>>> print(open('final-v5.txt').read())   # compact mmCIF, C-alpha atoms and all ligand atoms
# COMPACT_ATOMS: atom_id res chain seq x y z
CA MET A 13 72.37 96.61 -124.04
CA LYS A 14 72.88 99.57 -126.38
CA LYS A 15 71.06 101.78 -123.96
CA GLY A 16 73.18 100.53 -121.11
CA PHE A 17 76.31 101.36 -123.06
CA ALA A 18 75.05 104.87 -123.83
CA VAL A 19 74.30 105.46 -120.15
CA LEU A 20 77.73 104.20 -119.22
CA CYS A 21 79.33 106.51 -121.79
CA ALA A 22 77.34 109.45 -120.48
CA LEU A 23 78.39 108.65 -116.93
CA LEU A 24 82.02 108.31 -117.93
CA MET A 25 81.90 111.66 -119.72
CA LEU A 26 80.32 113.29 -116.71
CA PHE A 27 83.01 111.82 -114.48
CA ALA A 28 85.76 113.03 -116.82
CA LEU A 29 84.18 116.48 -116.91
CA SER A 30 83.94 116.84 -113.16
CA ALA A 31 87.50 115.60 -112.73
CA GLN A 32 88.56 118.20 -115.27
CA ALA A 33 86.54 120.87 -113.50
CA GLU A 34 88.68 120.31 -110.42
CA GLY A 35 91.73 120.49 -112.67
CA LEU A 36 94.09 120.43 -109.71
CA THR A 37 97.58 119.12 -110.22
CA THR A 38 99.41 118.19 -107.03
CA ILE A 39 102.46 116.06 -106.24
CA GLU A 40 100.24 113.06 -105.53
CA ALA A 41 96.89 112.99 -107.33
CA GLY A 42 94.00 113.64 -104.96
CA LYS A 43 96.27 114.81 -102.14
CA LEU A 44 97.49 118.15 -100.86
CA ILE A 45 100.86 117.72 -99.19
CA ILE A 46 101.81 120.64 -96.96
CA SER A 47 105.09 121.26 -95.15
CA THR A 48 105.04 122.89 -91.73
CA SER A 49 107.11 123.57 -88.63
CA PRO A 50 104.76 122.45 -85.83
CA ASP A 51 106.49 124.43 -83.07
CA PHE A 52 104.22 127.41 -83.52
CA PRO A 53 101.19 127.43 -81.21
CA PRO A 54 98.39 128.37 -81.73
CA PHE A 55 99.01 128.12 -85.51
CA GLU A 56 100.54 124.62 -85.65
CA TYR A 57 101.75 122.39 -82.84
CA THR A 58 101.51 118.79 -81.69
CA ASP A 59 99.04 117.46 -79.14
CA ASP A 60 99.66 114.67 -76.62
CA ASN A 61 99.08 112.04 -79.33
CA ASP A 62 101.69 113.72 -81.56
CA ASP A 63 98.96 114.85 -83.95
CA ILE A 64 99.56 118.20 -85.59
CA ILE A 65 96.78 120.59 -84.64
CA GLY A 66 96.15 124.34 -84.57
CA ILE A 67 94.60 127.17 -86.53
CA GLU A 68 96.28 126.34 -89.84
CA PRO A 69 95.79 122.55 -89.93
CA GLU A 70 92.14 123.15 -89.10
CA ILE A 71 91.67 125.77 -91.83
CA MET A 72 93.55 123.56 -94.32
CA THR A 73 91.38 120.55 -93.46
CA LEU A 74 88.26 122.56 -94.32
CA ILE A 75 89.83 123.96 -97.48
CA CYS A 76 90.78 120.44 -98.59
CA GLU A 77 87.22 119.23 -98.00
CA LYS A 78 85.96 122.04 -100.23
CA ILE A 79 88.42 121.46 -103.06
CA GLY A 80 88.25 117.68 -102.89
CA LEU A 81 91.81 116.86 -101.84
CA GLU A 82 93.06 114.77 -98.96
CA LEU A 83 95.34 116.71 -96.58
CA GLU A 84 98.76 115.30 -95.71
CA ILE A 85 101.00 117.19 -93.29
CA MET A 86 104.80 116.85 -93.40
CA PRO A 87 106.45 118.23 -90.25
CA MET A 88 109.98 119.70 -90.42
CA ASP A 89 112.01 122.79 -89.40
CA PHE A 90 110.70 126.12 -90.67
CA ASP A 91 113.59 126.67 -93.05
CA SER A 92 113.09 123.20 -94.54
CA ALA A 93 109.31 123.73 -94.76
CA LEU A 94 109.87 126.81 -96.92
CA LEU A 95 112.42 124.99 -99.05
CA ALA A 96 110.18 121.93 -99.53
CA ALA A 97 107.43 124.01 -101.15
CA GLN A 98 109.96 126.00 -103.11
CA GLN A 99 111.46 122.81 -104.54
CA GLY A 100 108.10 121.16 -105.19
CA LYS A 101 108.59 118.50 -102.48
CA SER A 102 105.41 119.77 -100.82
CA ASP A 103 102.50 121.43 -102.60
CA ALA A 104 102.45 124.30 -100.13
CA VAL A 105 104.14 125.63 -97.02
CA VAL A 106 101.57 126.26 -94.30
CA SER A 107 103.58 127.47 -91.34
CA GLY A 108 102.61 130.96 -90.21
CA VAL A 109 104.45 132.24 -93.26
CA THR A 110 104.72 136.01 -93.57
CA VAL A 111 104.19 137.38 -97.07
CA ARG A 112 107.39 139.13 -98.18
CA GLU A 113 108.48 140.50 -101.54
CA ASP A 114 111.52 138.19 -101.65
CA ARG A 115 109.36 135.16 -100.83
CA LYS A 116 106.93 136.13 -103.61
CA LEU A 117 109.73 135.35 -106.02
CA VAL A 118 109.78 131.71 -104.93
CA PHE A 119 106.13 131.05 -103.92
CA ASP A 120 102.70 131.94 -105.18
CA PHE A 121 101.00 133.19 -102.04
CA THR A 122 97.32 132.70 -101.37
CA ASP A 123 95.27 135.51 -99.88
CA SER A 124 96.18 136.39 -96.34
CA TYR A 125 93.90 135.56 -93.41
CA ILE A 126 95.55 137.19 -90.36
CA SER A 127 98.16 139.79 -89.37
CA ILE A 128 100.73 139.84 -86.57
CA VAL A 129 103.69 141.95 -85.40
CA GLN A 130 107.06 140.98 -83.95
CA ALA A 131 107.49 140.97 -80.17
CA ILE A 132 110.49 140.68 -77.85
CA VAL A 133 110.32 137.85 -75.28
CA PHE A 134 112.59 137.88 -72.18
CA LYS A 135 112.79 136.88 -68.53
CA GLU A 136 110.68 138.95 -66.13
CA GLY A 137 112.84 141.58 -64.47
CA ALA A 138 115.15 142.08 -67.46
CA ASP A 139 114.85 145.58 -68.91
CA ILE A 140 114.70 144.91 -72.63
CA THR A 141 112.99 147.20 -75.13
CA MET A 142 113.23 148.03 -78.82
CA ASP A 143 115.63 150.85 -77.81
CA ASN A 144 118.26 148.60 -76.22
CA LEU A 145 117.66 145.53 -78.42
CA GLY A 146 121.03 146.16 -80.11
CA ASP A 147 122.82 145.56 -76.77
CA GLN A 148 121.31 142.07 -76.39
CA THR A 149 122.08 138.61 -77.66
CA ILE A 150 118.91 137.77 -79.58
CA GLY A 151 117.59 134.25 -80.16
CA VAL A 152 115.54 133.56 -83.30
CA GLN A 153 114.21 130.68 -85.34
CA ARG A 154 116.30 130.24 -88.48
CA GLY A 155 114.82 131.73 -91.62
CA THR A 156 112.01 133.64 -89.92
CA THR A 157 111.24 137.33 -90.27
CA GLY A 158 112.50 137.82 -86.70
CA HIS A 159 115.83 136.39 -87.89
CA ILE A 160 115.92 138.55 -91.00
CA TYR A 161 115.07 141.84 -89.22
CA THR A 162 117.41 141.45 -86.26
CA GLU A 163 120.35 140.32 -88.37
CA ASP A 164 119.78 143.26 -90.74
CA ASP A 165 119.56 145.72 -87.83
CA PHE A 166 122.22 144.46 -85.42
CA GLY A 167 124.45 142.07 -87.38
CA GLU A 168 125.14 138.36 -87.11
CA ASP A 169 127.16 138.72 -83.90
CA HIS A 170 124.04 139.75 -81.97
CA VAL A 171 121.80 137.00 -83.26
CA VAL A 172 121.76 133.26 -82.56
CA ALA A 173 119.56 131.18 -84.88
CA TYR A 174 118.04 127.83 -83.87
CA ASP A 175 116.04 125.35 -85.94
CA THR A 176 112.97 125.18 -83.72
CA TYR A 177 111.26 127.38 -81.15
CA SER A 178 111.67 124.73 -78.49
CA LEU A 179 115.44 125.18 -78.90
CA VAL A 180 115.12 128.99 -78.95
CA PHE A 181 113.16 128.93 -75.68
CA GLN A 182 115.56 126.46 -74.08
CA ALA A 183 118.37 128.89 -74.90
CA LEU A 184 116.46 131.77 -73.29
CA LEU A 185 115.65 129.76 -70.15
CA ASN A 186 119.34 128.72 -69.91
CA ASP A 187 120.52 132.34 -70.38
CA GLN A 188 122.32 131.52 -73.62
CA VAL A 189 120.40 134.41 -75.19
CA ASP A 190 118.91 137.51 -73.54
CA CYS A 191 115.70 137.63 -75.54
CA ILE A 192 113.79 136.30 -78.53
CA VAL A 193 112.29 138.25 -81.43
CA MET A 194 109.26 136.44 -82.86
CA ASP A 195 105.61 136.70 -83.90
CA ASP A 196 103.54 138.16 -81.04
CA ALA A 197 100.62 135.67 -81.08
CA VAL A 198 103.06 132.77 -80.75
CA ALA A 199 105.11 134.61 -78.12
CA LYS A 200 101.93 134.85 -76.03
CA ALA A 201 101.35 131.11 -76.29
CA TYR A 202 104.93 130.29 -75.19
CA ILE A 203 104.78 132.78 -72.29
CA ALA A 204 101.55 131.16 -71.10
CA LEU A 205 103.43 127.83 -70.98
CA ASN A 206 106.61 129.21 -69.39
CA PRO A 207 106.08 131.14 -66.15
CA GLY A 208 108.68 133.85 -65.57
CA LEU A 209 108.77 135.09 -69.16
CA THR A 210 107.27 138.32 -70.44
CA MET A 211 107.17 140.32 -73.66
CA ALA A 212 107.50 143.84 -75.10
CA PRO A 213 106.40 145.30 -78.43
CA THR A 214 108.68 146.09 -81.37
CA THR A 215 108.30 148.74 -84.03
CA TYR A 216 108.69 146.28 -86.90
CA GLU A 217 106.01 146.44 -89.57
CA VAL A 218 102.75 144.47 -89.49
CA GLU A 219 103.06 141.08 -91.21
CA ASP A 220 100.37 139.14 -93.08
CA TYR A 221 100.26 135.33 -93.01
CA ALA A 222 99.38 133.37 -96.13
CA PHE A 223 99.97 129.90 -97.56
CA GLY A 224 102.94 129.63 -99.93
CA ILE A 225 102.13 127.44 -102.91
CA THR A 226 104.78 125.98 -105.22
CA LYS A 227 105.35 128.55 -107.93
CA GLY A 228 103.31 128.18 -111.10
CA ASN A 229 100.38 126.18 -109.71
CA THR A 230 97.82 128.90 -110.44
CA ALA A 231 94.84 126.54 -110.42
CA LEU A 232 95.72 125.43 -106.89
CA VAL A 233 96.15 129.01 -105.68
CA GLU A 234 92.75 129.92 -107.13
CA ALA A 235 91.03 126.87 -105.65
CA VAL A 236 92.54 127.46 -102.20
CA ASN A 237 91.69 131.16 -102.36
CA SER A 238 88.06 130.61 -103.25
CA ALA A 239 87.67 128.05 -100.44
CA LEU A 240 89.56 130.31 -97.99
CA ASN A 241 87.44 133.32 -98.91
CA GLU A 242 84.24 131.32 -98.33
CA LEU A 243 85.55 130.30 -94.91
CA MET A 244 86.43 133.90 -94.10
CA ALA A 245 83.11 135.28 -95.36
CA ASP A 246 80.99 132.92 -93.25
CA GLY A 247 83.00 133.54 -90.08
CA THR A 248 84.60 130.07 -89.90
CA VAL A 249 88.19 131.32 -89.98
CA GLN A 250 87.54 133.87 -87.23
CA ALA A 251 85.85 131.20 -85.08
CA ILE A 252 88.87 128.88 -85.49
CA VAL A 253 91.29 131.71 -84.66
CA ASP A 254 89.26 132.70 -81.58
CA LYS A 255 89.04 129.10 -80.38
CA TYR A 256 92.80 128.47 -80.50
CA MET A 257 93.77 131.96 -79.22
CA ALA A 258 91.59 131.40 -76.17
CA GLU A 259 93.34 128.12 -75.26
N1 LIG A 301 105.97 134.57 -89.57
C1 LIG A 301 107.36 134.31 -89.49
C2 LIG A 301 107.94 134.10 -90.86
O1 LIG A 301 107.27 133.92 -91.80
C3 LIG A 301 107.67 133.11 -88.59
C4 LIG A 301 107.04 131.83 -89.01
C5 LIG A 301 107.56 130.65 -88.23
N2 LIG A 301 106.70 129.53 -88.40
C6 LIG A 301 106.79 128.35 -87.73
N3 LIG A 301 105.85 127.46 -87.93
N4 LIG A 301 107.77 128.11 -86.90
O2 LIG A 301 109.12 134.11 -91.03
>>> encode(input="final-v5.txt", output="structure tokens")
Amino acid sequence: MKKGFAVLCALLMLFALSAQAEGLTTIEAGKLIISTSPDFPPFEYTDDNDDIIGIEPEIMTLICEKIGLELEIMPMDFDSALLAAQQGKSDAVVSGVTVREDRKLVFDFTDSYISIVQAIVFKEGADITMDNLGDQTIGVQRGTTGHIYTEDDFGEDHVVAYDTYSLVFQALLNDQVDCIVMDDAVAKAYIALNPGLTMAPTTYEVEDYAFGITKGNTALVEAVNSALNELMADGTVQAIVDKYMAE
């Protein structure tokens, strides 16, 4: 009896220790709630069953397995996805988020795992380049880097912001805008789905994607980073990227 009690105590202590070792505080214990805008193939989009799939959900699933949390994905517009993590309504925004100095003030970014550049998307036959971009009506997703750069360069009157990329592309196909400025890897995916569209490069700077964690949750940033770095070191991240880019 006494021995049994001692064993039980030892087990309880061990359990408490390992729970402490994780030491991860999230909105809901044992869960990692991420906000995302799933209009962003191949990074995050919905399949025929309305499940959210793509490079980032797949990487996050593996990270969550490693750090012992259950992944929950909350879909919303990009602007709202940023705000959710900023306000602590999600634990992190995982949405092809470009690391920017101004965003570092409101998120703690993890390490970055991929880089992209902005591209211009337009109808085949239109002559649109970086040089005449200022003469166009430009469609963007609200709150994105494409939105920020074009509004800074050409002013609000030249830019129309929409909540989702499906709305931005509808506007382009209906000639409500002349072109779109957006991340090149995602532009490629949309062009593959929409015959008659093409793209041109921009001279905007290279952007790094990372996950934006609610400010102050250092333990979570460290846990995600160590899992992410393992997945990068053993080639898993590259394999996931290659798989979705090929589709
Ligand atoms: N990389 C760009 C940014 O951070 C665009 C991200 C848009 N993401 C999305 N899931 N729609 O502003």
>>> closest_residue(input="final-v5.txt", among="A:Ile252, A:Val111, A:Leu179, A:Ala222", to="A:Asp51", atoms="all atoms listed in the file")
A:Leu179
>>> residues_near_ligand(input="final-v5.txt", ligand="ligand LIG 301 (chain A)", cutoff="10 Å", atoms="all atoms listed in the file", output="ChimeraX atom specification")
/A:47-57,68,87-91,93-94,105-112,115,127-130,152-161,175-178,193-196,198,219-222
>>> write_last_selection(input="final-v5.txt", atoms="C-alpha atoms", output="PDB file, in the frame of the given file")
ATOM      1  CA  SER A  47     105.090 121.260 -95.150  1.00  0.00           C
ATOM      2  CA  THR A  48     105.040 122.890 -91.730  1.00  0.00           C
ATOM      3  CA  SER A  49     107.110 123.570 -88.630  1.00  0.00           C
ATOM      4  CA  PRO A  50     104.760 122.450 -85.830  1.00  0.00           C
ATOM      5  CA  ASP A  51     106.490 124.430 -83.070  1.00  0.00           C
ATOM      6  CA  PHE A  52     104.220 127.410 -83.520  1.00  0.00           C
ATOM      7  CA  PRO A  53     101.190 127.430 -81.210  1.00  0.00           C
ATOM      8  CA  PRO A  54      98.390 128.370 -81.730  1.00  0.00           C
ATOM      9  CA  PHE A  55      99.010 128.120 -85.510  1.00  0.00           C
ATOM     10  CA  GLU A  56     100.540 124.620 -85.650  1.00  0.00           C
ATOM     11  CA  TYR A  57     101.750 122.390 -82.840  1.00  0.00           C
ATOM     12  CA  GLU A  68      96.280 126.340 -89.840  1.00  0.00           C
ATOM     13  CA  PRO A  87     106.450 118.230 -90.250  1.00  0.00           C
ATOM     14  CA  MET A  88     109.980 119.700 -90.420  1.00  0.00           C
ATOM     15  CA  ASP A  89     112.010 122.790 -89.400  1.00  0.00           C
ATOM     16  CA  PHE A  90     110.700 126.120 -90.670  1.00  0.00           C
ATOM     17  CA  ASP A  91     113.590 126.670 -93.050  1.00  0.00           C
ATOM     18  CA  ALA A  93     109.310 123.730 -94.760  1.00  0.00           C
ATOM     19  CA  LEU A  94     109.870 126.810 -96.920  1.00  0.00           C
ATOM     20  CA  VAL A 105     104.140 125.630 -97.020  1.00  0.00           C
ATOM     21  CA  VAL A 106     101.570 126.260 -94.300  1.00  0.00           C
ATOM     22  CA  SER A 107     103.580 127.470 -91.340  1.00  0.00           C
ATOM     23  CA  GLY A 108     102.610 130.960 -90.210  1.00  0.00           C
ATOM     24  CA  VAL A 109     104.450 132.240 -93.260  1.00  0.00           C
ATOM     25  CA  THR A 110     104.720 136.010 -93.570  1.00  0.00           C
ATOM     26  CA  VAL A 111     104.190 137.380 -97.070  1.00  0.00           C
ATOM     27  CA  ARG A 112     107.390 139.130 -98.180  1.00  0.00           C
ATOM     28  CA  ARG A 115     109.360 135.160-100.830  1.00  0.00           C
ATOM     29  CA  SER A 127      98.160 139.790 -89.370  1.00  0.00           C
ATOM     30  CA  ILE A 128     100.730 139.840 -86.570  1.00  0.00           C
ATOM     31  CA  VAL A 129     103.690 141.950 -85.400  1.00  0.00           C
ATOM     32  CA  GLN A 130     107.060 140.980 -83.950  1.00  0.00           C
ATOM     33  CA  VAL A 152     115.540 133.560 -83.300  1.00  0.00           C
ATOM     34  CA  GLN A 153     114.210 130.680 -85.340  1.00  0.00           C
ATOM     35  CA  ARG A 154     116.300 130.240 -88.480  1.00  0.00           C
ATOM     36  CA  GLY A 155     114.820 131.730 -91.620  1.00  0.00           C
ATOM     37  CA  THR A 156     112.010 133.640 -89.920  1.00  0.00           C
ATOM     38  CA  THR A 157     111.240 137.330 -90.270  1.00  0.00           C
ATOM     39  CA  GLY A 158     112.500 137.820 -86.700  1.00  0.00           C
ATOM     40  CA  HIS A 159     115.830 136.390 -87.890  1.00  0.00           C
ATOM     41  CA  ILE A 160     115.920 138.550 -91.000  1.00  0.00           C
ATOM     42  CA  TYR A 161     115.070 141.840 -89.220  1.00  0.00           C
ATOM     43  CA  ASP A 175     116.040 125.350 -85.940  1.00  0.00           C
ATOM     44  CA  THR A 176     112.970 125.180 -83.720  1.00  0.00           C
ATOM     45  CA  TYR A 177     111.260 127.380 -81.150  1.00  0.00           C
ATOM     46  CA  SER A 178     111.670 124.730 -78.490  1.00  0.00           C
ATOM     47  CA  VAL A 193     112.290 138.250 -81.430  1.00  0.00           C
ATOM     48  CA  MET A 194     109.260 136.440 -82.860  1.00  0.00           C
ATOM     49  CA  ASP A 195     105.610 136.700 -83.900  1.00  0.00           C
ATOM     50  CA  ASP A 196     103.540 138.160 -81.040  1.00  0.00           C
ATOM     51  CA  VAL A 198     103.060 132.770 -80.750  1.00  0.00           C
ATOM     52  CA  GLU A 219     103.060 141.080 -91.210  1.00  0.00           C
ATOM     53  CA  ASP A 220     100.370 139.140 -93.080  1.00  0.00           C
ATOM     54  CA  TYR A 221     100.260 135.330 -93.010  1.00  0.00           C
ATOM     55  CA  ALA A 222      99.380 133.370 -96.130  1.00  0.00           C
TER      56      ALA A 222
END
>>> residues_around(input="final-v5.txt", residues="A:Leu185", least_positions_apart="6", cutoff="10 Å", atoms="all atoms listed in the file", output="JSON, numbers by chain")
{"A": [134, 135, 179, 191, 206, 208, 209]}
>>> write_last_selection(input="final-v5.txt", atoms="C-alpha atoms", output="mmCIF file, keeping the file's coordinate frame")
data_model
loop_
_atom_site.group_PDB
_atom_site.id
_atom_site.type_symbol
_atom_site.label_atom_id
_atom_site.label_comp_id
_atom_site.auth_asym_id
_atom_site.auth_seq_id
_atom_site.Cartn_x
_atom_site.Cartn_y
_atom_site.Cartn_z
ATOM 1 C CA PHE A 134 112.590 137.880 -72.180
ATOM 2 C CA LYS A 135 112.790 136.880 -68.530
ATOM 3 C CA LEU A 179 115.440 125.180 -78.900
ATOM 4 C CA CYS A 191 115.700 137.630 -75.540
ATOM 5 C CA ASN A 206 106.610 129.210 -69.390
ATOM 6 C CA GLY A 208 108.680 133.850 -65.570
ATOM 7 C CA LEU A 209 108.770 135.090 -69.160
#
>>> atom_distance(input="final-v5.txt", atom1="atom CA of A:Glu168", atom2="atom CA of A:Val180")
16.0 Å
>>> atom_distance(input="final-v5.txt", atom1="atom CA of A:Ala204", atom2="atom CA of A:Asp143")
25.1 Å
>>> atom_distance(input="final-v5.txt", atom1="atom CA of A:Val236", atom2="atom CA of A:Ile39")
15.6 Å
>>> residues_near_point(input="final-v5.txt", point="(92.3, 125.8, -99.8)", cutoff="7 Å", atoms="only C-alpha atoms", output="list in words")
Met72, Ile75, Cys76, Ile79, Ala235, Val236, Asn237, Ala239 and Leu240 of chain A
>>> write_last_selection(input="final-v5.txt", atoms="C-alpha atoms", output="PDB file, in the coordinates of the input")
ATOM      1  CA  MET A  72      93.550 123.560 -94.320  1.00  0.00           C
ATOM      2  CA  ILE A  75      89.830 123.960 -97.480  1.00  0.00           C
ATOM      3  CA  CYS A  76      90.780 120.440 -98.590  1.00  0.00           C
ATOM      4  CA  ILE A  79      88.420 121.460-103.060  1.00  0.00           C
ATOM      5  CA  ALA A 235      91.030 126.870-105.650  1.00  0.00           C
ATOM      6  CA  VAL A 236      92.540 127.460-102.200  1.00  0.00           C
ATOM      7  CA  ASN A 237      91.690 131.160-102.360  1.00  0.00           C
ATOM      8  CA  ALA A 239      87.670 128.050-100.440  1.00  0.00           C
ATOM      9  CA  LEU A 240      89.560 130.310 -97.990  1.00  0.00           C
TER      10      LEU A 240
END
>>> closest_residue(input="final-v5.txt", among="A:Val172, A:Ile71, A:Ile225, A:Ala199", to="A:Val118", atoms="only C-alpha atoms")
A:Ile225
>>> closest_residue(input="final-v5.txt", among="A:Glu70, A:Ser102, A:Glu136, A:Asp60", to="A:Lys43", atoms="only C-alpha atoms")
A:Ser102
>>> closest_residue(input="final-v5.txt", among="A:Gln148, A:Ser92, A:Leu81, A:Tyr125", to="A:Gly247", atoms="all atoms listed in the file")
A:Tyr125
>>> residues_around(input="final-v5.txt", residues="A:Lys200", least_positions_apart="6", cutoff="9 Å", atoms="all atoms listed in the file", output="ChimeraX atom specification")
/A:133,210-211
